[in-house]
Structure formats: C-alpha cells, structure tokens
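Here's the structure, in structure tokens; my notes come after.
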Amino acid sequence: MKASDHAVLAEGLSKRYGGRKNSKQALDDFHLAVPTGSVHGLLGPNGAGKTTAVRILATLLRADGGRALVGGHDVRTEARLVRRQIGFTGQYAAVDEILTGRQNLRMFGRLFHLSPSAAARRADELLEQFDLVEAADKQVSGYSGGMRRRVDLAASMILAPRVLFLDEPTTGLDPRSRNEVWASVRELVAGGTTVLLTTQYLDEADQLADRIAVIEHGRKIADDTPERLKDRIGGDQIEVVVADAGELPLAAKAVARVSDAEPRSDNETLRVSAPVSDRVGALTEVARTLQDEGADVVDIGLRRPTLDEVFLRLTGGRRDTADHRDEGAAPDVPREGEAA
Amino acid sequence: MTATVPTKSGPESGGKSAVPTAALTLPDGPESRLYWAFADCWTIVRRDLTHLVKQPVIVAWQLGFPIVSVLLFVFVFGSGMAVGDGVDYKTFAMPGMFAMTMAFGFMNTAMAVVIDKDRGVTDRFRSMPMASSAVVTGRGVSDLAHASIDLAVLAAIALAIGWRSDSGIVPTLAAFALLLLLRFALIWVGVLLGLVVRNQEAAGNLFAVAFPFGMISSVFTPPSMMPDWLGSIAMWNPVSSTANAVRELFGQQSPELGGSWIEQHAVLMAVVWPLIITAVFLPLAVRRFQSLSR
C-alpha cells in the first residue's frame with residue numbers, strides 16, 4: 001500500500017513524559033497504519049499509551065521521535081494542514097457548558113473559519129443529524145451525558161473531517177447514550193470518514209472497529225481484525241463450570257487432555273477453559289472423563305472466545321488495573337500477539 | 001472570505017475520497033492569517049461575553065467581596081479608622097476598593113483558563129485550524145471588558161454612598177485607565193496560574209495568594225501605620241501604587257501617603273509595575289501555553 005492509501009500513518013513514534021527521574025516511556029517505537037475509510041480501534045489498559053498516540057496524531061502533542069502523517073500531511077511540520085482535515089473528540093465532552101448547543105456549534109464553525117451564515121447553516125444541519133434539534137437552544141449544562149457527547153461529536157464534524165479521532169468516546173456514558181454515540185459514529189463512517197478510536201471497552205471495539213490494535217507499555221502488540229484476533233488465541237474454547245473450587249484442578253486436568261494449550265482456571269467463576277480444535281470430540285471426551293471421575297459439573301460447552309479473553313491473553317492478564325504503572329510485572333501468559 | 005459548507009447530502013456513494021474537505025479550499029496567506037487572528041479573537045470574546053450575560057449571578061458573586069468590604073469598612077469600621085487628619089475614610093477606601101477588585105481579577109482569569117483546560121475545550125481549540133493566539137488574546141479582551149463592568153458597578157455603588165472624584169474628567173478617566181492597566185497586567189498572571197494549577201479546586205485555593213496580595217497594601221490603611229517591615233512590603237506592592245495613583249488622580253491623596261519614594265511616584269509606578277508584570281508573565285504564560293504540546 002502507498003502512503004496515500006492511509007489516512008493515518010505512524011512510524012516509530014516515541015514519547016517520554018516527565019523529567020530525568022520520574023520519567024515514563026509513554027510510546028515506544030509505535031507504528032500504525034489506518035487505511036482510508038476504515039475504523040481502527042486502539043485498545044489497551046490505562047496508561048498503555050493510547051491517548052498519547054491519539055494526541056500526537058491530532059497535533060496536540062509533539063512526539064520525541066518518529067514520524068506521523070495524517071491525511072498525507074506531517075503532524076509536526078504541517079500541523080495547520082492536518083488540523084483542517086481532522087476532528088478531535090477527547091475524553092471529556094469538550095463543549096462550552098454555558099452556551100447552548102446551537103451557540104457551541106456556531107462558535108466552533110466560526111473558529112473553523114466558516115462565514116457566519118455558513119456556520120449557522122452547518123450548525124442547523126448537525127443539530128438535525130445528531131438529533132439535537134429540540135435541545136438546540138438550551139444550555140449544554142442541562143444536557144445528559146449522551147447529548148453532550150453528541151454536541152461534542154457534532155463539533156468535530158463541522159468540516160466533515162477526513163479523519164476523526166475519538167479518545168474513549170463513551171467512557172462514563174450509560175448504555176443507552178453509548179448506543180446513541182455508536183450510531184452517530186457508524187453514520188459518519190458510512191459517509192467515508194476514517195475513524196481512529198481508543199477505548200477500554202472491548203465490546204465497543206468489537207462493535208465499531210474494522211481492525212484493532214492492542215497497545216501495551218507504549219508498544220503495539222497486536223493489530224488485526226477482531227475475528228482474526230479471536231482466532232489467534234485458539235479459535236473455539238471448551239469451557240467447564242464446576243460446582244466447587246476444589247474440583248477446578250480435576251476439571252483442568254480433563255480439559256488439558258484435549259487441548260494443546262494450558263487451560264485457564266478462574267477461581268471466582270469456577271470456570272476452566274482452553275482452546276480446542278476437534279470440537280465435538282473434545283466435548284465428548286471431557287464430559288466422559290469428568291463423569292468417570294464423578295466431578296460435580298454445572299455446565300460444559302463450546303464457545304467462541306470473547307475479545308476480552310484475547311485482550312487478557314495479549315496483555316498478560318492485566319486489564320485496566322490501577323497498578324498499571326507496575327512496569328516490572330512480567331506477564332504470566334505468553335504474548336501470542338508478539339509476532340504481529 | 002469564502003468557504004463552502006460540507007453537507008451530509010454530499011456525494012457519499014462515490015467512495016471514501018468523496019468526503020467534502022472544504023477546509024482545503026480556504027485561503028491561508030499571511031493577510032488572511034492576520035484577519036483570522038482578529039476574527040478568531042472576536043469569536044472567543046463573544047463567547048466569553050455570552051458567559052457574563054448568561055451568568056449575571058456569577059458576576060454579582062465576584063463583586064460580592066468588594067461590595068461587602070465597602071459596606072463593612074466604610075460603615076462598620078469606618079468611624080474607628082484614622083487615615084490622616086481631615087480625611088474621610090470613605091474617600092480613602094473607595095479608590096483602594098477599585099484597586100483591590102482589579103488585583104483579585106487574576107483569579108477570574110485563572111478560573112476561566114483552568115475550566116477550559118479541564119473540560120478539554122482548550123485541546124479542542126488547539127486541534128482546530130484557528131489562530132492559536134486567539135485563545136489568549138480573546139481571554140484578555142473579555143477580561144478587560146469584565147473588569148470594566150466591575151468598575152462601573154463599584155463606581156455606581158461609590159456614588160450612591162456619597163463618594164465623589166474631586167478632580168476633572170480627564171484625571172478621573174486616567175485613574176480608571178490605570179486600574180484597567182493593572183488588571184491587564186494580571187491577565188498574564190492569571191493565564192499562567194490557570195495553566196499551572198491542576199483543577200478548578202486548586203484554582204479556588206488561589207485566594208490564599210490573592211488575599212494577601214490585595215490586602216497587604218494601601219487599600220484599607222496607609223502602610224505608614226503598619227509595623228515597619230509589613231509597611232515596606234505594603235508600600236512596594238503594585239496594588240498600593242495603583243491605589244495611591246488613583247487617589248492622587250481623584251484629587252484625594254491622604255497625608256499619610258507620600259512619605260517614601262515609591263509613594264511620591266505613585267502615578268509613575270502605577271504604569272511601571274504593570275509593565276514589569278507584563279514583561280515577566282506574558283512570556284511565561286505563552287511558554288506555558290506552548291508547552292501543552294510537550
């Protein structure tokens with residue numbers, strides 16, 4: 001692929017925060033290629049570098065090293081050109097609380113250098129598109145979280161950007177508002193906008209993204225379609241739920257016999273799971289073994305891995321934990337995405 | 001300036017490249033940059049003024065302290081305050097009140113800056129193709145407008161309780177200009193502090209800085225009546241220079257003021273101090289703003 005086929009192209013980006021002592025490598029040789037017209041999800045634990053990456057690409061932050069092109073322009077040397085082609089929606093709904101929805105969109109329209117009448121027209125269009133007509137002349141401070149987000153998204157869309165950056169667009173929203181935001185994003189994508197979104201929610205990435213890049217400690221550790229990421233950790237899973245934690249080793253032993261991988265035991269959900277290739281054969285054998293052993297099995301079945309599992313496997317079992325700064329902790333699960 | 005507006009009914013069927021990118025057709029020469037620096041500044045000013053109009057309560061609240069101080073000092077303590085032979089305390093305190101209100105003004109600036117920073121509005125502005133200077137210049141212009149409203153309200157209250165300027169119209173206007181000059185200088189202090197503090201709560205704590213800055217001055221009492229060391233600090237406080245200069249221009253200088261060089265050159269220092277403050281804090285504020293991208 002040529003560079004021009006990519007709406008976003010990052011090569012070897014690095015970024016270090018802080019002084020000499022307490023510094024933190026936020027991004028480390030980060031690469032990313034987002035094909036024009038696609039939705040790319042950036043997934044990772046808190047502090048993994050997702051926001052840093054997006055802020056560099058949106059010209060808000062300067063990288064220490066590496067290069068990035070957005071819409072074919074260098075984010076460092078051609079920031080003004082980049083800014084004309086992007087929309088940016090940060091982690092908080094960045095709109096003026098005291099102004100009304102309409103006043104906000106007109107103001108941002110003017111700041112995008114539309115004429116007053118054009119800014120007013122565009123505001124009306126966006127209010128309609130984002131289903132905000134009724135609330136248009138009320139102060140944003142009275143809006144729900146979902147409505148604020150929609151004003152925020154609308155403000156990013158004033159110039160119909162080629163590339164839209166969404167940094168955790170639904171964090172803190174209730175499920176209904178989240179669905180509203182997802183619907184808006186899908187609409188934009190249908191119109192041809194390229195979207196790069198960061199999220200902590202795997203279902204969000206699963207719902208919206210054509211491809212998902214998993215990032216940890218500032219490095220990309222996987223980049224693939226959601227389906228292939230699921231395949232990567234072994235396709236179908238056999239799953240056994242036992243009645244008592246004491247039976248977990250027994251179940252794990254039975255499962256280990258039909259799987260090439262080490263079974264995962266969860267003491268809380270009393271669940272043992274492992275990837276299998278011979279689906280029915282494995283199911284039959286595990287069921288028979290456990291019956292012979294007299295284990296108290298609550299449930300046994302086959303299922304597709306969730307993106308959650310993919311994520312846990314790739315990031316070594318630490319997802320969004322408060323101690324994510326614990327850089328020293330070694331992952332206890334082999335990182336299968338390393339090859340990517 | 002022409003700009004085509006992208007519409008959602010634009011050509012969507014033509015595939016990815018059909019997204020209208022109106023932005024690329026906008027002119028970007030040096031002249032248009034200058035034009036947009038002013039136009040964007042005006043857009044921001046209008047936004048800030050809308051805030052004032054929509055939140056008169058906040059404006060009133062911010063004036064609450066000076067107004068309560070006026071009433072308290074003039075009517076409650078006033079009779080016990082001796083500020084020199086034959087000088088009415090009201091006459092002494094009102095110019096001080098004007099200066100103190102300007103001095104506290106930097107908190108308004110800091111608060112507005114930190115709210116925009118906190119809520120991501122500053123980042124949104126920075127991600128847009130607008131003139132980045134407008135974020136700061138717009139702030140400055142609207143803060144001066146806000147300060148003018150404050151002064152007008154305070155002057156009205158002063159007139160209502162019987163205070164009058166004892167000089168002509170020109171020196172009186174010059175006095176108000178000096179007050180706004182102090183406020184102008186403090187915009188940069190406010191911008192810097194707003195960018196430095198972590199959140200709104202921390203910005204609220206700036207009162208701990210504002211209070212001594214406003215009070216350890218000649219606002220309420222002549223420094224010559226304070227203990228020596230405190231009096232020296234108060235005398236050299238820029239707020240004192242402005243307050244004393246304003247008293248002078250109103251034709252109401254107290255005999256207790258004027259014992260030292262700095263007090264004898266109040267009008268000069270009321271110009272020099274703000275210039276020094278601006279020279280120091282304007283570059284610091286700009287640097288801090290630019291370092292948001294570091």
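Within each chain, counting starts at residue 1; across the structure tokens, chains are named A, B, ... in the order shown, with ligands numbered 1 upward in that order.
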Got a sec: who's within 9 Å of range 278-290 of chain A, counting only C-alpha atoms, leaving out chain neighbours fewer than 4 positions off, as a PDB file with N, CA and C atoms, in the first residue's frame?
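Everything below was put into selection_37.pdb:
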ATOM      1  N   ASP A 236     -12.170 -21.881  18.846  1.00  0.00           N
ATOM      2  CA  ASP A 236     -13.194 -22.246  19.819  1.00  0.00           C
ATOM      3  C   ASP A 236     -12.588 -22.673  21.144  1.00  0.00           C
ATOM      4  N   GLN A 237     -13.349 -22.432  22.161  1.00  0.00           N
ATOM      5  CA  GLN A 237     -12.927 -22.764  23.512  1.00  0.00           C
ATOM      6  C   GLN A 237     -13.862 -23.816  24.092  1.00  0.00           C
ATOM      7  N   ILE A 238     -13.288 -24.715  24.843  1.00  0.00           N
ATOM      8  CA  ILE A 238     -14.149 -25.567  25.652  1.00  0.00           C
ATOM      9  C   ILE A 238     -14.178 -24.942  27.034  1.00  0.00           C
ATOM     10  N   VAL A 240     -15.683 -25.425  31.056  1.00  0.00           N
ATOM     11  CA  VAL A 240     -16.321 -26.261  32.073  1.00  0.00           C
ATOM     12  C   VAL A 240     -16.531 -25.419  33.320  1.00  0.00           C
ATOM     13  N   LEU A 250      -9.299 -30.869  38.943  1.00  0.00           N
ATOM     14  CA  LEU A 250      -9.794 -32.053  38.241  1.00  0.00           C
ATOM     15  C   LEU A 250     -10.265 -31.681  36.840  1.00  0.00           C
ATOM     16  N   ALA A 251     -11.069 -30.614  36.787  1.00  0.00           N
ATOM     17  CA  ALA A 251     -11.593 -30.148  35.503  1.00  0.00           C
ATOM     18  C   ALA A 251     -10.453 -29.699  34.599  1.00  0.00           C
ATOM     19  N   ALA A 254      -8.803 -32.650  33.033  1.00  0.00           N
ATOM     20  CA  ALA A 254      -9.606 -33.229  31.959  1.00  0.00           C
ATOM     21  C   ALA A 254      -9.514 -32.391  30.694  1.00  0.00           C
ATOM     22  N   VAL A 255      -9.555 -31.056  30.890  1.00  0.00           N
ATOM     23  CA  VAL A 255      -9.508 -30.159  29.736  1.00  0.00           C
ATOM     24  C   VAL A 255      -8.127 -30.202  29.083  1.00  0.00           C
ATOM     25  N   ARG A 257      -6.235 -32.542  28.628  1.00  0.00           N
ATOM     26  CA  ARG A 257      -6.030 -33.714  27.769  1.00  0.00           C
ATOM     27  C   ARG A 257      -6.494 -33.499  26.338  1.00  0.00           C
ATOM     28  N   VAL A 258      -7.404 -32.539  26.156  1.00  0.00           N
ATOM     29  CA  VAL A 258      -7.913 -32.316  24.794  1.00  0.00           C
ATOM     30  C   VAL A 258      -7.393 -31.036  24.156  1.00  0.00           C
ATOM     31  N   SER A 259      -6.578 -30.299  24.891  1.00  0.00           N
ATOM     32  CA  SER A 259      -6.114 -29.018  24.349  1.00  0.00           C
ATOM     33  C   SER A 259      -4.590 -28.978  24.316  1.00  0.00           C
ATOM     34  N   GLY A 294     -16.474 -38.519  38.550  1.00  0.00           N
ATOM     35  CA  GLY A 294     -17.531 -38.155  39.485  1.00  0.00           C
ATOM     36  C   GLY A 294     -17.529 -36.691  39.861  1.00  0.00           C
ATOM     37  N   ALA A 295     -17.030 -35.848  38.947  1.00  0.00           N
ATOM     38  CA  ALA A 295     -16.975 -34.417  39.250  1.00  0.00           C
ATOM     39  C   ALA A 295     -18.367 -33.787  39.179  1.00  0.00           C
ATOM     40  N   ASP A 296     -18.547 -32.772  40.020  1.00  0.00           N
ATOM     41  CA  ASP A 296     -19.835 -32.077  40.055  1.00  0.00           C
ATOM     42  C   ASP A 296     -19.809 -30.931  39.048  1.00  0.00           C
ATOM     43  N   VAL A 297     -20.236 -31.238  37.830  1.00  0.00           N
ATOM     44  CA  VAL A 297     -20.153 -30.257  36.752  1.00  0.00           C
ATOM     45  C   VAL A 297     -21.474 -29.485  36.623  1.00  0.00           C
ATOM     46  N   ILE A 300     -21.087 -27.349  30.833  1.00  0.00           N
ATOM     47  CA  ILE A 300     -19.972 -27.688  29.950  1.00  0.00           C
ATOM     48  C   ILE A 300     -20.382 -27.311  28.539  1.00  0.00           C
ATOM     49  N   GLY A 301     -19.479 -26.697  27.805  1.00  0.00           N
ATOM     50  CA  GLY A 301     -19.883 -26.288  26.465  1.00  0.00           C
ATOM     51  C   GLY A 301     -18.724 -25.763  25.639  1.00  0.00           C
ATOM     52  N   LEU A 302     -19.062 -25.408  24.403  1.00  0.00           N
ATOM     53  CA  LEU A 302     -18.093 -24.844  23.471  1.00  0.00           C
ATOM     54  C   LEU A 302     -18.512 -23.426  23.146  1.00  0.00           C
TER      55      LEU A 302
END
Original post:
Pro95 in chain B: which residues within 7 Å, counting only C-alpha atoms, same-chain residues fewer than 2 positions away excluded, as number ranges by chain?
Top reply: B: 92-93, 97-99, 243, 246-247
Subject >> Straight-line distance linking CA of Asp29 in chain A with CA of Arg219 in chain A, stated in Å to one decimal >> reply: 6.5 Å
Subject >> chain A residues near chain B (9 Å cut-off, only C-alpha atoms) as a PyMOL selection string >> reply: chain A and resi 17+36-37+55-56+58-64+79-96+98-99+103-104+107-108+110-115+118-119+121-122+125-126+129+156+158-162+190-194
Subject >> Neighbour list for Asp174 in chain A as a PyMOL selection string, cut-off 12 Å, only C-alpha atoms, skip fewer than 2 positions in-chain >> reply: chain A and resi 144-147+149+169-172+176-181
Serialized selection, C-alpha atoms, as a short mmCIF file (atom, residue, chain, number, x, y, z; two decimals), in the first residue's frame:
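Output saved as again.cif:
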data_model
loop_
_atom_site.label_atom_id
_atom_site.label_comp_id
_atom_site.auth_asym_id
_atom_site.auth_seq_id
_atom_site.Cartn_x
_atom_site.Cartn_y
_atom_site.Cartn_z
CA SER A 144 -27.44 14.45 29.52
CA GLY A 145 -24.03 12.83 29.12
CA GLY A 146 -25.07 11.31 25.81
CA MET A 147 -26.35 14.61 24.47
CA ARG A 149 -21.18 13.75 23.64
CA PRO A 169 -15.86 8.43 23.27
CA THR A 170 -18.23 6.52 25.54
CA THR A 171 -16.35 6.38 28.82
CA GLY A 172 -18.75 7.24 31.62
CA ARG A 176 -28.36 3.99 26.06
CA SER A 177 -26.14 7.02 25.49
CA ARG A 178 -23.41 4.68 24.39
CA ASN A 179 -25.66 3.21 21.73
CA GLU A 180 -26.53 6.71 20.56
CA VAL A 181 -22.87 7.58 20.18
#
Original post:
If we count only C-alpha atoms, what is near Val170 in chain B at a cut-off of 10 Å, once residues fewer than 4 positions away on the same chain are taken out, given as number ranges by chain?
Top reply: B: 174-175, 249-250
Subject >> CA of Val76 in chain B to CA of Pro223 in chain B, distance in Å rounded to a single decimal >> reply: 20.9 Å
Subject >> Residue among B:Gly258, B:Gly138, B:Pro274, B:Gly105 lying closest to Asn237 in chain B, counting only C-alpha atoms >> reply: B:Pro274
**OP:** Report the distance between CA of Leu229 in chain A and CA of Asp210 in chain A in Å, rounded to one decimal place.
**Re:**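 Separation between CA of Leu229 in chain A and CA of Asp210 in chain A: 11.6 Å.
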Subject >> Pro35 in chain A environment, 7 Å, only C-alpha atoms, sequence neighbours closer than 6 positions dropped, as a ChimeraX atom specification >> reply: /A:5-7
**OP:** Identify, on the basis of only C-alpha atoms, every residue whose closest approach to Met215 in chain B does not exceed 9 Å; exclude the query and any residue fewer than 6 positions from it along the same chain; express the result as a count of residues only.
**Re:** 3
Original post:
DSSP on the backbone: what in range 38-128 of chain A comes out strand (DSSP E or B), as a list in words?
Top reply: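 Those residues are Val39, His40, Gly41, Leu42, Leu43, Gly65, Gly66, Arg67, Ala68, Leu69, Val70, His73, Asp74, Ile86, Gly87, Phe88, Thr89 and Thr100 of chain A.
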